[in-house]
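Just structure-v3.txt here, compact mmCIF, C-alpha atoms:
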# COMPACT_ATOMS: atom_id res chain seq x y z
CA MET A 324 -39.05 37.55 -51.59
CA VAL A 325 -39.72 34.50 -53.77
CA GLY A 326 -41.62 35.12 -57.00
CA VAL A 327 -41.71 38.66 -58.38
CA GLY A 328 -44.69 38.73 -60.68
CA VAL A 329 -47.40 41.33 -59.99
CA PHE A 330 -48.00 40.27 -56.37
CA GLY A 331 -44.36 39.54 -55.62
CA ARG A 332 -43.15 42.87 -56.92
CA ASN A 333 -45.62 44.60 -54.59
CA HIS A 334 -44.30 42.60 -51.65
CA ALA A 335 -40.76 43.69 -52.54
CA ARG A 336 -41.92 47.31 -52.84
CA VAL A 337 -43.59 47.29 -49.44
CA TYR A 338 -40.68 45.55 -47.70
CA LYS A 339 -38.42 48.28 -49.10
CA GLU A 340 -40.84 51.02 -48.00
CA LEU A 341 -41.00 49.54 -44.49
CA GLU A 342 -37.20 49.43 -44.39
CA GLU A 343 -37.02 53.10 -45.39
CA GLN A 344 -39.66 53.98 -42.78
CA GLY A 345 -37.48 52.59 -40.01
CA GLU A 346 -39.10 49.18 -39.51
CA PRO A 347 -36.58 46.56 -38.32
CA VAL A 348 -36.42 44.82 -41.69
CA ARG A 349 -34.01 44.75 -44.62
CA LEU A 350 -34.95 43.63 -48.12
CA LEU A 351 -31.99 41.42 -48.94
CA GLY A 352 -33.06 39.98 -52.25
CA VAL A 353 -35.67 38.64 -54.65
CA VAL A 354 -35.90 35.19 -56.22
CA ASP A 355 -37.44 34.28 -59.58
CA PRO A 356 -36.56 31.64 -62.18
CA ASP A 357 -37.05 34.41 -64.75
CA THR A 358 -33.70 36.00 -63.94
CA SER A 359 -34.29 39.04 -66.14
CA ARG A 360 -37.43 39.83 -64.13
CA ALA A 361 -35.59 39.20 -60.86
CA ASP A 362 -32.77 41.51 -62.00
CA ALA A 363 -35.22 44.28 -62.93
CA VAL A 364 -37.04 44.16 -59.58
CA ALA A 365 -33.74 43.95 -57.68
CA ARG A 366 -32.48 47.07 -59.46
CA GLU A 367 -35.76 48.86 -58.77
CA PHE A 368 -35.63 48.25 -55.04
CA GLY A 369 -31.89 48.16 -54.42
CA CYS A 370 -31.41 44.52 -53.46
CA LYS A 371 -29.90 41.32 -54.88
CA ALA A 372 -31.40 38.98 -57.48
CA PHE A 373 -31.36 35.18 -57.33
CA GLY A 374 -32.53 32.56 -59.79
CA SER A 375 -33.50 30.00 -57.15
CA VAL A 376 -34.20 29.57 -53.45
CA THR A 377 -31.15 27.28 -53.23
CA GLN A 378 -28.94 30.07 -54.56
CA LEU A 379 -30.36 32.46 -51.97
CA ILE A 380 -30.01 30.26 -48.90
CA THR A 381 -26.59 28.85 -49.75
CA THR A 382 -25.09 32.32 -50.14
CA HIS A 383 -27.05 34.28 -47.51
CA SER A 384 -27.62 32.37 -44.28
CA GLU A 385 -28.80 35.56 -42.53
CA VAL A 386 -32.23 35.43 -44.21
CA GLN A 387 -34.90 35.04 -41.50
CA ALA A 388 -38.22 35.52 -43.30
CA ALA A 389 -39.60 35.45 -46.83
CA SER A 390 -42.80 35.99 -48.76
CA VAL A 391 -43.77 33.25 -51.21
CA ALA A 392 -45.63 34.65 -54.20
CA ALA A 393 -44.75 31.92 -56.68
CA PRO A 394 -47.56 30.18 -58.62
CA THR A 395 -49.78 28.13 -56.31
CA VAL A 396 -48.50 24.83 -57.70
CA HIS A 397 -45.01 25.69 -56.35
CA HIS A 398 -46.04 26.88 -52.86
CA LEU A 399 -45.26 23.58 -51.14
CA ALA A 400 -41.86 22.99 -52.73
CA VAL A 401 -40.68 26.57 -52.24
CA SER A 402 -41.97 26.84 -48.68
CA ARG A 403 -40.52 23.44 -47.77
CA GLU A 404 -37.04 24.51 -48.86
CA LEU A 405 -37.32 27.80 -46.99
CA MET A 406 -38.66 26.28 -43.77
CA LYS A 407 -36.01 23.55 -43.74
CA ALA A 408 -33.44 26.34 -43.97
CA GLY A 409 -34.91 27.92 -40.82
CA ILE A 410 -36.81 30.69 -42.63
CA ASP A 411 -40.30 31.86 -41.62
CA VAL A 412 -42.73 32.32 -44.50
CA LEU A 413 -45.74 34.30 -45.61
CA ILE A 414 -47.48 32.22 -48.29
CA GLU A 415 -49.76 34.04 -50.73
CA LYS A 416 -53.31 32.80 -51.12
CA PRO A 417 -54.47 30.23 -51.95
CA LEU A 418 -52.29 28.42 -49.42
CA ALA A 419 -51.84 25.41 -51.71
CA GLY A 420 -53.40 23.57 -54.62
CA THR A 421 -54.72 20.66 -52.54
CA LEU A 422 -55.62 19.94 -48.93
CA GLY A 423 -52.88 17.30 -48.86
CA GLU A 424 -50.30 19.97 -49.70
CA ALA A 425 -51.80 22.30 -47.08
CA ASP A 426 -51.50 19.55 -44.46
CA GLU A 427 -47.88 18.92 -45.45
CA LEU A 428 -47.15 22.62 -45.00
CA ALA A 429 -48.70 22.47 -41.54
CA GLY A 430 -46.57 19.45 -40.68
CA LEU A 431 -43.42 21.22 -41.87
CA ALA A 432 -44.25 24.34 -39.85
CA SER A 433 -44.69 22.20 -36.75
CA THR A 434 -41.54 20.09 -37.11
CA GLN A 435 -39.36 23.01 -38.23
CA LYS A 436 -40.90 25.36 -35.63
CA ARG A 437 -41.54 28.04 -38.25
CA ILE A 438 -43.95 30.97 -38.30
CA VAL A 439 -46.27 30.67 -41.31
CA GLN A 440 -48.79 33.34 -42.25
CA VAL A 441 -51.23 32.98 -45.15
CA GLY A 442 -51.67 35.98 -47.46
CA HIS A 443 -55.38 36.68 -47.11
CA LEU A 444 -54.87 40.37 -47.72
CA GLU A 445 -58.41 41.60 -47.03
CA ARG A 446 -58.09 40.63 -43.36
CA PHE A 447 -55.81 43.67 -43.11
CA ASN A 448 -58.10 46.03 -45.01
CA PRO A 449 -58.83 48.91 -42.61
CA ALA A 450 -62.54 48.65 -43.45
CA VAL A 451 -62.55 45.02 -42.29
CA GLN A 452 -60.66 45.95 -39.14
CA ALA A 453 -63.18 48.72 -38.42
CA THR A 454 -66.07 46.28 -38.85
CA LEU A 455 -64.85 43.62 -36.42
CA PRO A 456 -65.89 45.48 -33.21
CA ILE A 457 -69.51 45.91 -34.36
CA LEU A 458 -70.13 42.27 -35.33
CA THR A 459 -72.98 40.65 -33.44
CA ARG A 460 -74.73 37.82 -35.28
CA PRO A 461 -74.56 38.22 -39.07
CA MET A 462 -77.41 36.29 -40.71
CA PHE A 463 -77.23 37.23 -44.40
CA PHE A 464 -74.28 38.22 -46.62
CA GLU A 465 -74.27 39.54 -50.17
CA VAL A 466 -70.74 39.67 -51.62
CA HIS A 467 -69.47 40.92 -54.99
CA ARG A 468 -65.89 40.81 -56.27
CA LEU A 469 -65.66 41.78 -59.93
CA SER A 470 -62.47 42.47 -61.89
CA VAL A 471 -61.59 43.20 -65.47
CA PHE A 472 -59.79 40.42 -67.33
CA THR A 473 -56.01 40.25 -67.00
CA PRO A 474 -53.75 37.37 -68.13
CA ARG A 475 -52.61 36.50 -64.60
CA SER A 476 -53.57 33.75 -62.13
CA LEU A 477 -55.22 31.81 -64.94
CA ASP A 478 -53.82 28.57 -63.50
CA VAL A 479 -56.70 28.53 -60.99
CA ASP A 480 -60.47 29.09 -61.11
CA VAL A 481 -61.90 32.48 -60.15
CA VAL A 482 -62.98 30.87 -56.86
CA LEU A 483 -59.35 30.27 -55.85
CA ASP A 484 -58.13 33.47 -57.49
CA LEU A 485 -60.65 36.07 -56.25
CA MET A 486 -63.57 34.64 -54.28
CA ILE A 487 -61.29 33.02 -51.71
CA HIS A 488 -60.64 36.48 -50.22
CA ASP A 489 -64.32 36.85 -49.39
CA LEU A 490 -64.72 33.24 -48.28
CA ASP A 491 -62.04 33.88 -45.67
CA ILE A 492 -63.71 37.11 -44.49
CA VAL A 493 -67.21 35.59 -44.27
CA LEU A 494 -65.87 32.54 -42.42
CA ALA A 495 -64.19 34.92 -39.95
CA PHE A 496 -67.36 37.02 -39.58
CA ALA A 497 -69.93 34.21 -39.45
CA LYS A 498 -67.99 32.00 -37.01
CA SER A 499 -70.02 28.91 -37.94
CA PRO A 500 -69.34 25.73 -39.94
CA VAL A 501 -70.75 25.54 -43.47
CA ARG A 502 -73.74 23.19 -43.82
CA GLU A 503 -74.49 23.39 -47.55
CA VAL A 504 -72.80 24.63 -50.74
CA ARG A 505 -74.60 25.39 -54.00
CA ALA A 506 -72.59 26.83 -56.89
CA VAL A 507 -72.54 27.52 -60.60
CA GLY A 508 -69.67 28.82 -62.72
CA LEU A 509 -68.55 29.23 -66.30
CA PRO A 510 -65.31 29.59 -68.26
CA VAL A 511 -65.51 32.68 -70.44
CA LEU A 512 -62.09 33.83 -71.62
CA SER A 513 -59.81 31.19 -70.09
CA GLY A 514 -59.83 27.43 -69.72
CA LYS A 515 -60.87 27.79 -66.08
CA VAL A 516 -64.05 29.08 -64.43
CA ASP A 517 -64.00 32.88 -64.85
CA ILE A 518 -67.35 33.79 -63.28
CA ALA A 519 -69.06 32.06 -60.37
CA ASN A 520 -72.07 32.41 -58.12
CA VAL A 521 -72.22 30.61 -54.79
CA ARG A 522 -74.78 30.20 -52.03
CA LEU A 523 -73.61 28.98 -48.62
CA GLU A 524 -75.76 27.98 -45.70
CA PHE A 525 -74.08 27.88 -42.28
CA GLU A 526 -75.09 25.72 -39.33
CA SER A 527 -76.06 28.94 -37.51
CA GLY A 528 -78.72 29.55 -40.18
CA CYS A 529 -76.70 32.35 -41.77
CA ILE A 530 -76.87 32.53 -45.59
CA ALA A 531 -74.14 33.99 -47.81
CA ASN A 532 -74.35 34.71 -51.55
CA PHE A 533 -71.12 35.34 -53.46
CA THR A 534 -70.50 36.53 -57.02
CA ALA A 535 -66.95 36.59 -58.35
CA SER A 536 -65.92 37.50 -61.89
CA ARG A 537 -62.66 38.26 -63.63
CA VAL A 538 -64.38 39.18 -66.90
CA SER A 539 -66.29 42.24 -65.72
CA THR A 540 -66.30 45.71 -67.27
CA GLU A 541 -65.84 47.27 -63.84
CA ARG A 542 -63.98 46.67 -60.59
CA VAL A 543 -66.21 46.03 -57.56
CA ARG A 544 -65.19 44.71 -54.14
CA LYS A 545 -68.07 44.94 -51.69
CA ILE A 546 -69.59 42.94 -48.89
CA ARG A 547 -72.97 43.71 -47.34
CA PHE A 548 -74.54 41.90 -44.42
CA PHE A 549 -77.53 42.01 -42.11
CA GLN A 550 -77.45 41.31 -38.39
CA PRO A 551 -80.12 42.02 -35.75
CA LYS A 552 -81.26 45.65 -36.18
CA GLN A 553 -78.35 46.49 -38.49
CA TYR A 554 -77.38 46.50 -42.14
CA VAL A 555 -73.66 46.95 -42.83
CA SER A 556 -72.14 47.90 -46.20
CA LEU A 557 -68.38 47.49 -46.55
CA ASP A 558 -66.45 48.69 -49.60
CA TYR A 559 -62.97 47.13 -49.67
CA GLY A 560 -61.64 49.46 -52.37
CA ARG A 561 -62.89 52.72 -50.86
CA GLN A 562 -62.06 51.46 -47.36
CA GLU A 563 -65.49 52.63 -46.25
CA VAL A 564 -68.09 51.13 -43.90
CA LEU A 565 -71.68 52.36 -43.60
CA VAL A 566 -73.88 51.07 -40.77
CA PHE A 567 -77.66 51.41 -40.92
CA THR A 568 -79.22 50.84 -37.51
CA ILE A 569 -82.93 50.09 -37.40
CA GLY A 570 -85.62 50.59 -34.78
CA SER A 571 -85.40 52.46 -31.49
CA ASP A 572 -81.59 52.30 -31.63
CA GLY A 573 -81.55 54.03 -35.00
CA ALA A 574 -82.22 57.58 -33.87
CA SER A 575 -79.09 57.70 -31.72
CA ALA A 576 -76.91 55.63 -34.07
CA GLY A 577 -75.96 58.38 -36.49
CA THR A 578 -77.34 60.72 -39.13
CA PRO A 579 -81.11 60.22 -39.59
CA SER A 580 -82.10 58.83 -42.99
CA VAL A 581 -85.32 59.33 -44.98
CA ASN A 582 -86.88 56.94 -42.49
CA PRO A 583 -86.48 58.44 -38.99
CA GLN A 584 -86.27 54.93 -37.54
CA ILE A 585 -83.05 54.24 -39.46
CA GLY A 586 -79.82 55.94 -38.40
CA VAL A 587 -76.83 55.97 -40.74
CA ASN A 588 -73.31 55.95 -39.36
CA LYS A 589 -70.02 55.99 -41.29
CA LEU A 590 -67.40 54.16 -39.25
CA ALA A 591 -64.05 55.79 -38.61
CA VAL A 592 -61.49 53.94 -40.73
CA ALA A 593 -57.74 54.52 -40.40
CA SER A 594 -56.61 54.46 -44.02
CA GLU A 595 -53.63 52.20 -44.74
CA GLU A 596 -52.51 50.05 -47.65
CA PRO A 597 -53.57 46.52 -46.62
CA LEU A 598 -50.27 45.04 -47.82
CA HIS A 599 -48.36 47.38 -45.47
CA ALA A 600 -50.49 46.19 -42.56
CA GLU A 601 -50.16 42.54 -43.61
CA LEU A 602 -46.37 42.57 -43.89
CA LYS A 603 -45.95 44.52 -40.63
CA SER A 604 -48.14 41.92 -38.94
CA PHE A 605 -46.05 39.08 -40.40
CA LEU A 606 -42.79 40.68 -39.33
CA ARG A 607 -44.18 41.22 -35.82
CA ALA A 608 -45.12 37.55 -35.57
CA VAL A 609 -41.61 36.60 -36.74
CA ARG A 610 -39.91 38.86 -34.18
CA GLU A 611 -42.17 37.89 -31.28
CA ARG A 612 -42.56 34.20 -32.28
CA SER A 613 -46.30 34.73 -31.94
CA SER A 614 -49.28 33.28 -33.80
CA PRO A 615 -49.91 35.16 -37.06
CA VAL A 616 -53.23 36.95 -37.59
CA VAL A 617 -54.02 34.64 -40.52
CA SER A 618 -52.88 31.18 -39.50
CA LEU A 619 -52.30 28.00 -41.48
CA ASP A 620 -55.61 26.74 -40.07
CA ASP A 621 -57.36 29.84 -41.48
CA GLY A 622 -55.72 29.32 -44.86
CA ARG A 623 -56.63 25.64 -44.91
CA ARG A 624 -60.25 26.38 -43.93
CA ALA A 625 -60.65 28.88 -46.78
CA LEU A 626 -58.92 26.51 -49.21
CA ALA A 627 -61.14 23.57 -48.20
CA LEU A 628 -64.27 25.63 -48.77
CA ALA A 629 -62.97 26.98 -52.10
CA LEU A 630 -62.19 23.46 -53.31
CA GLU A 631 -65.63 22.26 -52.22
CA ILE A 632 -67.14 25.11 -54.26
CA VAL A 633 -65.02 24.20 -57.29
CA GLY A 634 -66.31 20.64 -56.95
CA ALA A 635 -69.92 21.85 -56.71
CA ILE A 636 -69.45 23.97 -59.84
CA ARG A 637 -68.07 20.96 -61.69
CA GLU A 638 -70.95 18.79 -60.52
CA HIS A 639 -73.51 21.40 -61.60
CA GLY A 640 -71.80 21.76 -64.98
CA ASN A 641 -71.94 18.01 -65.55
CA LYS A 642 -75.60 17.88 -64.52
CA VAL A 643 -76.72 20.53 -67.03
CA ASN A 644 -74.11 19.52 -69.65
CA LEU A 645 -72.39 22.90 -69.80
CA ALA A 646 -69.49 21.49 -71.84
CA MET A 647 -71.82 20.61 -74.70
CA MET A 648 -73.59 23.97 -74.44
CA ALA A 649 -70.25 25.78 -74.72
CA LYS A 650 -69.41 23.89 -77.92
CA SER A 651 -72.77 24.50 -79.60

Could I get this structure in the form of structure tokens?
Amino acid sequence: MVGVGVFGRNHARVYKELEEQGEPVRLLGVVDPDTSRADAVAREFGCKAFGSVTQLITTHSEVQAASVAAPTVHHLAVSRELMKAGIDVLIEKPLAGTLGEADELAGLASTQKRIVQVGHLERFNPAVQATLPILTRPMFFEVHRLSVFTPRSLDVDVVLDLMIHDLDIVLAFAKSPVREVRAVGLPVLSGKVDIANVRLEFESGCIANFTASRVSTERVRKIRFFQPKQYVSLDYGRQEVLVFTIGSDGASAGTPSVNPQIGVNKLAVASEEPLHAELKSFLRAVRERSSPVVSLDDGRRALALALEIVGAIREHGNKVNLAMMAKS
């Protein structure tokens, strides 16, 4: 486990829980340049603490897999050192800071023959998993991800911090290349964009609207979409999916609503902490030498779109002179 901030500590916790539940895994140690933090997490979860990846791999050659939850700017360097030492990696989102770094990671994975999974956690949300079998042809998405302000991940815009989760999900659901990006965003409490609104048009004709904020007074994580004869509402936090089926299929689709032509059905969702499911999936891919659920290609695709959105926000800001407005 490399990097034991908020995300990294949770990875360490879940690895330890999986070990105690009988999964074929052992949490050997945690790495962080802040050695006092590494020591504290190591004591909490009964493992060893290291100040660097070099210290870990030179003293413990038995390490086979690691999560990388260091700041994004360090993903390439940390993952390179691990992969060259023969260690498979799960890299937290965003995969990298640039597409060039993402491509270098892909090259390393290929030459070193390493399993690399990207940490798009919502792919493993049980509500998302329950939705996959009912997908037909989504044509309109409305997505909201709002969080209260915390002094973490402020090295990246809200698009790369929060919205990228939903970009990955919508790309997986829509299954179509993006044709057009329109975006606006503003810095509020940090030097980066803290709130953003994005409209995507896909080549299939599907439209997706996204709002992401890390300066909200409430926490909201929802995605709603329309497909032929159906409206689907997915709540990531509650792990709940409601399906409204319209027309002649509605009467037999579930509980009748106020309109008898619309049936409401709550999908069966097997509750599980997404991080548990994600790490079990990663470990399975490592053991079986199989393709991970969220591949490097998936991570690069989401990163490329996020960076395009960041560019569109910058272009819009320049066009309407947001910098001058913020100073006035």

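If you measure from each of A:Asn588, A:Gln440, A:Gln378, A:Ser433 to Phe605 in chain A using only C-alpha atoms, the closest one turns out to be A:Gln440.
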
Practice task
Please write as a PyMOL selection string the list of polymer residues whose atoms come within 10 Å of (-75.1, 25.4, -50.6), counting all atoms listed in the file and keeping to the coordinates of the file.
Solution key: chain A and resi 501-506+521-525+530-532+632+635

Problem - Residue with smallest distance to Val364 in chain A - pool A:Gly423, A:Thr377, A:Val327, A:Glu342, counting only C-alpha atoms - result: A:Val327

Handout entry: Distance criterion (only C-alpha atoms): nearest to Gly514 in chain A out of A:Leu630, A:Ala393, A:Val479, A:Val401
Key = A:Val479

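Across the model, the gap from CA of Asn448 in chain A to CA of Val609 in chain A is 20.7 Å.
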
Exercise for the section: Point out the residue among A:Ile636, A:Leu565, A:Leu590, A:Val329 with the least atom-to-atom distance to Lys515 in chain A, counting all atoms listed in the file. Expected result: A:Ile636

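Checking A:Gly374, A:Gly640, A:Gly586, A:Gly560 one by one against Ala450 in chain A, counting only C-alpha atoms, you find the shortest gap at A:Gly560.
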